[in-house]
Amino acid sequence: MGIRIGILDQTPIYEGEKPVDAFRHTIELAQRAEALGFHRFWVSEHHDSEHVAGSSPEVLIAHLIAQTKRIRLGSGGVMLQHYSSYKVAENFNILAALGEGRIDLGIGRAPGGLPRSTQALQQGIQDAASLKEKIAQVRKFIHNELEQDPSHPLAGLKASPVSEVPAELYVLGASPDSAGMAAELGLPYVFSLFINSNQEVAQEAFRIYREQFDHSTGREPYAALALSLIVAESEQEAEELIGEHRPIKIFLESGKTLTVLSEEQVAEFAKQTNESYRTEVLEPSVTRGTKEFVGKALRDFQQKFAVDELIVTTATRNFSKRIRSFELLREALVEQGLIEDVEAANVAESVI
């Protein structure tokens with residue numbers, strides 16, 4: 001049984017390089033992903049970071065449209081809690097016009113940074129709508145379905161330019177709550193296993209999503225699993241490529257949680273907040289090994305979670321090894337029968 005495979009790129013800044021180098025790597029990876037036949041390529045949103053460069057996925061997607069021809073492009077994801085639903089819809093309507101039929105708008109729940117950047121992004125915001133309300137607003141704007149009730153304060157408003165093929169909306173999350181939101185809105189859902197590695201939670205999230213999905217929109221559930229992986233020539237090399245990557249989960253007194261990637265980020269978090277917290281060092285949730293091992297693991301993931309798509313992210317300290325990981329991934333998918341063994345250059349549309 002075949003499955004779609006997408007790529008999430010976080011535009012990492014490698015040691016000794018500058019942000020401009022990170023963007024060059026993202027462009028090269030998007031082009032290579034397209035040549036290999038991957039289905040979609042998403043870029044992330046992070047703020048006030050010395051380790052990743054992608055703070056504005058909308059801008060980066062616009063450039064990637066001009067650097068690619070057919071691969072779907074999107075955000076993984078826009079942190080809508082910080083922004084006007086109307087402005088986000090305008091941005092993605094422009095992208096949908098420029099890259100007609102291949103734009104995705106993935107919406108995330110995390111802040112995308114530490115308290116300082118969140119404070120800056122939300123400066124002046126009062127009585128903000130809930131995230132679910134904002135997603136519903138975005139959907140109405142990109143489909144030009146705002147209520148035409150004359151008493152509505154925004155009656156008749158359009159998020160120009162209205163696109164003939166609007167961006168496809170996705171809800172991203174790592175909890176049953178996010179799954180329930182996606183189900184209630186009748187939208188595709190992506191569970192981020194690389195953020196919450198608890199597979200029981202993932203299974204519960206997908207159960208809730210499928211059982212509570214609102215079919216009144218005429219759509220069917222579409223579930224994707226996002227995970228971190230590294231494919232290498234040997235198991236030893238795969239372990240070496242992980243390096244010292246150990247995520248750290250921060251548990252706030254308020255009950256909220258945040259995951260960071262280093263002790264330095266924990267220290268910075270401590271400077272920026274007055275809230276009490278505790279931390280827990282996590283084992284890296286990275287599927288790694290040879291193409292034979294990873295290929296079988298991906299087949300197991302598909303069967304266990306019954307998902308329509310896998311979205312993979314790969315973090316290494318060497319960009320060439322990262323490219324090679326995706327090349328080996330494609331070989332693994334072919335060998336497991338998850339995709340057809342065809343030359344991507346001769347394919348009219350993405351097959352992975």
# chains A, B, ... in the order shown; residues from 1 in each chain; ligands from 1
>>> residues_around(residues="region 23-33 of chain A", least_positions_apart="2", cutoff="8 Å", atoms="only C-alpha atoms", output="PDB file with N, CA and C atoms, in the first residue's frame")
ATOM      1  N   ILE A   7       8.093  16.502   3.531  1.00  0.00           N
ATOM      2  CA  ILE A   7       9.290  16.916   4.266  1.00  0.00           C
ATOM      3  C   ILE A   7       8.998  18.208   5.016  1.00  0.00           C
ATOM      4  N   ASP A   9      11.096  21.166   6.798  1.00  0.00           N
ATOM      5  CA  ASP A   9      12.441  21.747   6.933  1.00  0.00           C
ATOM      6  C   ASP A   9      12.386  22.903   7.914  1.00  0.00           C
ATOM      7  N   THR A  11      15.023  24.962   8.509  1.00  0.00           N
ATOM      8  CA  THR A  11      16.052  25.933   8.130  1.00  0.00           C
ATOM      9  C   THR A  11      17.113  26.097   9.221  1.00  0.00           C
ATOM     10  N   PRO A  19      22.749  32.850   8.643  1.00  0.00           N
ATOM     11  CA  PRO A  19      21.370  32.568   8.223  1.00  0.00           C
ATOM     12  C   PRO A  19      21.202  32.475   6.709  1.00  0.00           C
ATOM     13  N   VAL A  20      21.930  33.293   5.953  1.00  0.00           N
ATOM     14  CA  VAL A  20      21.797  33.234   4.497  1.00  0.00           C
ATOM     15  C   VAL A  20      22.202  31.859   3.963  1.00  0.00           C
ATOM     16  N   ASP A  21      23.178  31.225   4.623  1.00  0.00           N
ATOM     17  CA  ASP A  21      23.574  29.862   4.223  1.00  0.00           C
ATOM     18  C   ASP A  21      22.446  28.874   4.513  1.00  0.00           C
ATOM     19  N   ALA A  35      12.918  16.789  -7.072  1.00  0.00           N
ATOM     20  CA  ALA A  35      13.540  15.864  -8.029  1.00  0.00           C
ATOM     21  C   ALA A  35      13.340  14.412  -7.603  1.00  0.00           C
ATOM     22  N   LEU A  36      13.315  14.166  -6.290  1.00  0.00           N
ATOM     23  CA  LEU A  36      13.116  12.809  -5.780  1.00  0.00           C
ATOM     24  C   LEU A  36      11.649  12.401  -5.772  1.00  0.00           C
ATOM     25  N   GLY A  37      10.762  13.361  -6.010  1.00  0.00           N
ATOM     26  CA  GLY A  37       9.346  13.037  -6.101  1.00  0.00           C
ATOM     27  C   GLY A  37       8.561  13.118  -4.812  1.00  0.00           C
ATOM     28  N   PHE A  38       9.087  13.773  -3.762  1.00  0.00           N
ATOM     29  CA  PHE A  38       8.333  13.889  -2.515  1.00  0.00           C
ATOM     30  C   PHE A  38       7.082  14.734  -2.734  1.00  0.00           C
ATOM     31  N   PHE A  41       6.635  19.980   0.690  1.00  0.00           N
ATOM     32  CA  PHE A  41       7.792  20.525   1.393  1.00  0.00           C
ATOM     33  C   PHE A  41       7.302  21.703   2.228  1.00  0.00           C
ATOM     34  N   ALA A  53      16.647  29.708  11.099  1.00  0.00           N
ATOM     35  CA  ALA A  53      16.526  31.011  10.441  1.00  0.00           C
ATOM     36  C   ALA A  53      15.111  31.345   9.989  1.00  0.00           C
ATOM     37  N   LEU A  64      10.365  29.999  -2.544  1.00  0.00           N
ATOM     38  CA  LEU A  64      10.441  28.606  -2.981  1.00  0.00           C
ATOM     39  C   LEU A  64       9.528  28.332  -4.182  1.00  0.00           C
ATOM     40  N   GLN A  67      11.510  28.801  -7.103  1.00  0.00           N
ATOM     41  CA  GLN A  67      12.660  27.903  -7.224  1.00  0.00           C
ATOM     42  C   GLN A  67      12.249  26.460  -7.501  1.00  0.00           C
ATOM     43  N   THR A  68      10.948  26.177  -7.545  1.00  0.00           N
ATOM     44  CA  THR A  68      10.444  24.828  -7.786  1.00  0.00           C
ATOM     45  C   THR A  68       9.337  24.893  -8.832  1.00  0.00           C
ATOM     46  N   PHE A 319      25.090  19.191   6.199  1.00  0.00           N
ATOM     47  CA  PHE A 319      24.008  19.300   5.221  1.00  0.00           C
ATOM     48  C   PHE A 319      24.074  18.204   4.165  1.00  0.00           C
ATOM     49  N   ILE A 323      21.010  15.655   3.000  1.00  0.00           N
ATOM     50  CA  ILE A 323      20.554  15.364   1.642  1.00  0.00           C
ATOM     51  C   ILE A 323      20.608  13.856   1.381  1.00  0.00           C
ATOM     52  N   PHE A 326      17.728  11.810   2.806  1.00  0.00           N
ATOM     53  CA  PHE A 326      16.493  11.818   2.027  1.00  0.00           C
ATOM     54  C   PHE A 326      16.618  10.955   0.772  1.00  0.00           C
TER      55      PHE A 326
END
>>> residues_around(residues="Gly255 (chain A)", least_positions_apart="4", cutoff="12 Å", atoms="only C-alpha atoms", output="PyMOL selection string")
chain A and resi 250-251+275-278
>>> write_last_selection(atoms="N, CA and C atoms", output="PDB file, in the first residue's frame")
ATOM      1  N   ILE A 250       9.925  21.576  29.173  1.00  0.00           N
ATOM      2  CA  ILE A 250       9.720  22.504  30.284  1.00  0.00           C
ATOM      3  C   ILE A 250       8.261  22.425  30.716  1.00  0.00           C
ATOM      4  N   PHE A 251       8.024  22.125  31.988  1.00  0.00           N
ATOM      5  CA  PHE A 251       6.675  22.048  32.539  1.00  0.00           C
ATOM      6  C   PHE A 251       6.417  23.311  33.366  1.00  0.00           C
ATOM      7  N   GLU A 275       7.532  32.715  35.719  1.00  0.00           N
ATOM      8  CA  GLU A 275       6.723  31.558  36.124  1.00  0.00           C
ATOM      9  C   GLU A 275       7.615  30.398  36.567  1.00  0.00           C
ATOM     10  N   SER A 276       7.209  29.727  37.627  1.00  0.00           N
ATOM     11  CA  SER A 276       7.942  28.559  38.096  1.00  0.00           C
ATOM     12  C   SER A 276       7.808  27.421  37.095  1.00  0.00           C
ATOM     13  N   TYR A 277       8.837  26.583  37.033  1.00  0.00           N
ATOM     14  CA  TYR A 277       8.804  25.482  36.079  1.00  0.00           C
ATOM     15  C   TYR A 277       9.764  24.390  36.534  1.00  0.00           C
ATOM     16  N   ARG A 278       9.618  23.228  35.917  1.00  0.00           N
ATOM     17  CA  ARG A 278      10.582  22.145  36.069  1.00  0.00           C
ATOM     18  C   ARG A 278      10.914  21.609  34.683  1.00  0.00           C
TER      19      ARG A 278
END
>>> select_by_dssp(residues="region 139-181 of chain A", states="strand (DSSP E)", output="PyMOL selection string")
chain A and resi 168-173
>>> atom_distance(atom1="CA of Ser117 (chain A)", atom2="CA of Ser85 (chain A)")
19.2 Å
>>> closest_residue(among="A:Ala315, A:Ile103, A:Ala62, A:Ala182", to="Glu240 (chain A)", atoms="only C-alpha atoms")
A:Ala315
>>> atom_distance(atom1="CA of Leu98 (chain A)", atom2="CA of Lys18 (chain A)")
28.5 Å
>>> residues_around(residues="Asp177 (chain A)", least_positions_apart="4", cutoff="9 Å", atoms="only C-alpha atoms", output="ChimeraX atom specification")
/A:173,181-182,205,208
>>> write_last_selection(atoms="N, CA and C atoms", output="compact mmCIF listing (two decimals), in the first residue's frame")
# COMPACT_ATOMS: atom_id res chain seq x y z
N GLY A 173 -0.63 19.61 15.61
CA GLY A 173 -0.67 19.52 17.06
C GLY A 173 0.03 18.29 17.57
N MET A 181 -9.94 19.60 17.96
CA MET A 181 -10.16 20.85 17.25
C MET A 181 -10.23 20.63 15.74
N ALA A 182 -9.27 19.84 15.22
CA ALA A 182 -9.26 19.54 13.80
C ALA A 182 -10.52 18.81 13.38
N ALA A 205 -5.11 10.54 20.02
CA ALA A 205 -5.41 11.74 19.22
C ALA A 205 -6.06 11.35 17.89
N ILE A 208 -9.69 10.12 18.45
CA ILE A 208 -10.61 11.24 18.65
C ILE A 208 -10.87 11.96 17.33
>>> residues_around(residues="Gly112 (chain A)", least_positions_apart="5", cutoff="10 Å", atoms="only C-alpha atoms", output="ChimeraX atom specification")
/A:44-49,55,77-79,82,117-118,258
>>> closest_residue(among="A:Leu333, A:Ile195, A:Ala232, A:Ala183", to="Arg219 (chain A)", atoms="only C-alpha atoms")
A:Ala183
>>> atom_distance(atom1="CA of Leu157 (chain A)", atom2="CA of Asn144 (chain A)")
8.5 Å
>>> select_by_dssp(residues="region 122-282 of chain A", states="helix (DSSP H, G or I)", output="PyMOL selection string")
chain A and resi 131-142+176-185+199-212+215-217+235-242+263-272
>>> write_last_selection(atoms="C-alpha atoms", output="tab-separated table (two decimals), in the first residue's frame")
chain	number	residue	atom	x	y	z
A	131	LEU	CA	-7.24	29.54	18.07
A	132	LYS	CA	-10.23	27.50	16.88
A	133	GLU	CA	-12.15	30.69	16.14
A	134	LYS	CA	-9.17	32.12	14.28
A	135	ILE	CA	-8.77	29.01	12.13
A	136	ALA	CA	-12.47	29.17	11.26
A	137	GLN	CA	-12.02	32.83	10.31
A	138	VAL	CA	-9.03	32.04	8.10
A	139	ARG	CA	-11.00	29.34	6.32
A	140	LYS	CA	-13.86	31.75	5.61
A	141	PHE	CA	-11.45	34.37	4.30
A	142	ILE	CA	-9.47	32.10	1.98
A	176	PRO	CA	-5.85	14.93	21.83
A	177	ASP	CA	-7.04	18.54	22.23
A	178	SER	CA	-5.59	19.56	18.87
A	179	ALA	CA	-7.08	16.44	17.30
A	180	GLY	CA	-10.50	17.35	18.65
A	181	MET	CA	-10.16	20.85	17.25
A	182	ALA	CA	-9.26	19.54	13.80
A	183	ALA	CA	-12.18	17.11	13.93
A	184	GLU	CA	-14.67	19.79	14.94
A	185	LEU	CA	-13.46	22.04	12.12
A	199	GLN	CA	2.69	6.83	20.87
A	200	GLU	CA	-0.28	6.07	23.10
A	201	VAL	CA	-1.16	9.78	23.08
A	202	ALA	CA	-0.78	9.81	19.30
A	203	GLN	CA	-3.14	6.86	18.94
A	204	GLU	CA	-5.68	8.51	21.21
A	205	ALA	CA	-5.41	11.74	19.22
A	206	PHE	CA	-6.08	9.94	15.94
A	207	ARG	CA	-8.99	8.00	17.51
A	208	ILE	CA	-10.61	11.24	18.65
A	209	TYR	CA	-9.96	12.86	15.30
A	210	ARG	CA	-11.64	10.10	13.31
A	211	GLU	CA	-14.57	9.53	15.70
A	212	GLN	CA	-15.41	13.21	16.15
A	215	HIS	CA	-18.48	15.34	7.87
A	216	SER	CA	-20.95	18.16	7.21
A	217	THR	CA	-18.37	19.95	5.08
A	235	GLU	CA	23.64	2.04	12.08
A	236	GLN	CA	26.84	3.48	13.53
A	237	GLU	CA	26.74	6.45	11.21
A	238	ALA	CA	23.08	7.08	12.03
A	239	GLU	CA	23.87	7.17	15.76
A	240	GLU	CA	26.78	9.53	15.13
A	241	LEU	CA	24.58	11.87	13.11
A	242	ILE	CA	22.18	12.29	16.02
A	263	GLU	CA	20.33	23.72	28.19
A	264	GLU	CA	21.19	27.16	26.80
A	265	GLN	CA	17.58	27.59	25.71
A	266	VAL	CA	16.39	26.52	29.15
A	267	ALA	CA	18.65	29.16	30.72
A	268	GLU	CA	17.32	31.78	28.33
A	269	PHE	CA	13.77	30.75	29.13
A	270	ALA	CA	14.51	31.23	32.83
A	271	LYS	CA	15.62	34.81	32.13
A	272	GLN	CA	12.49	35.64	30.17
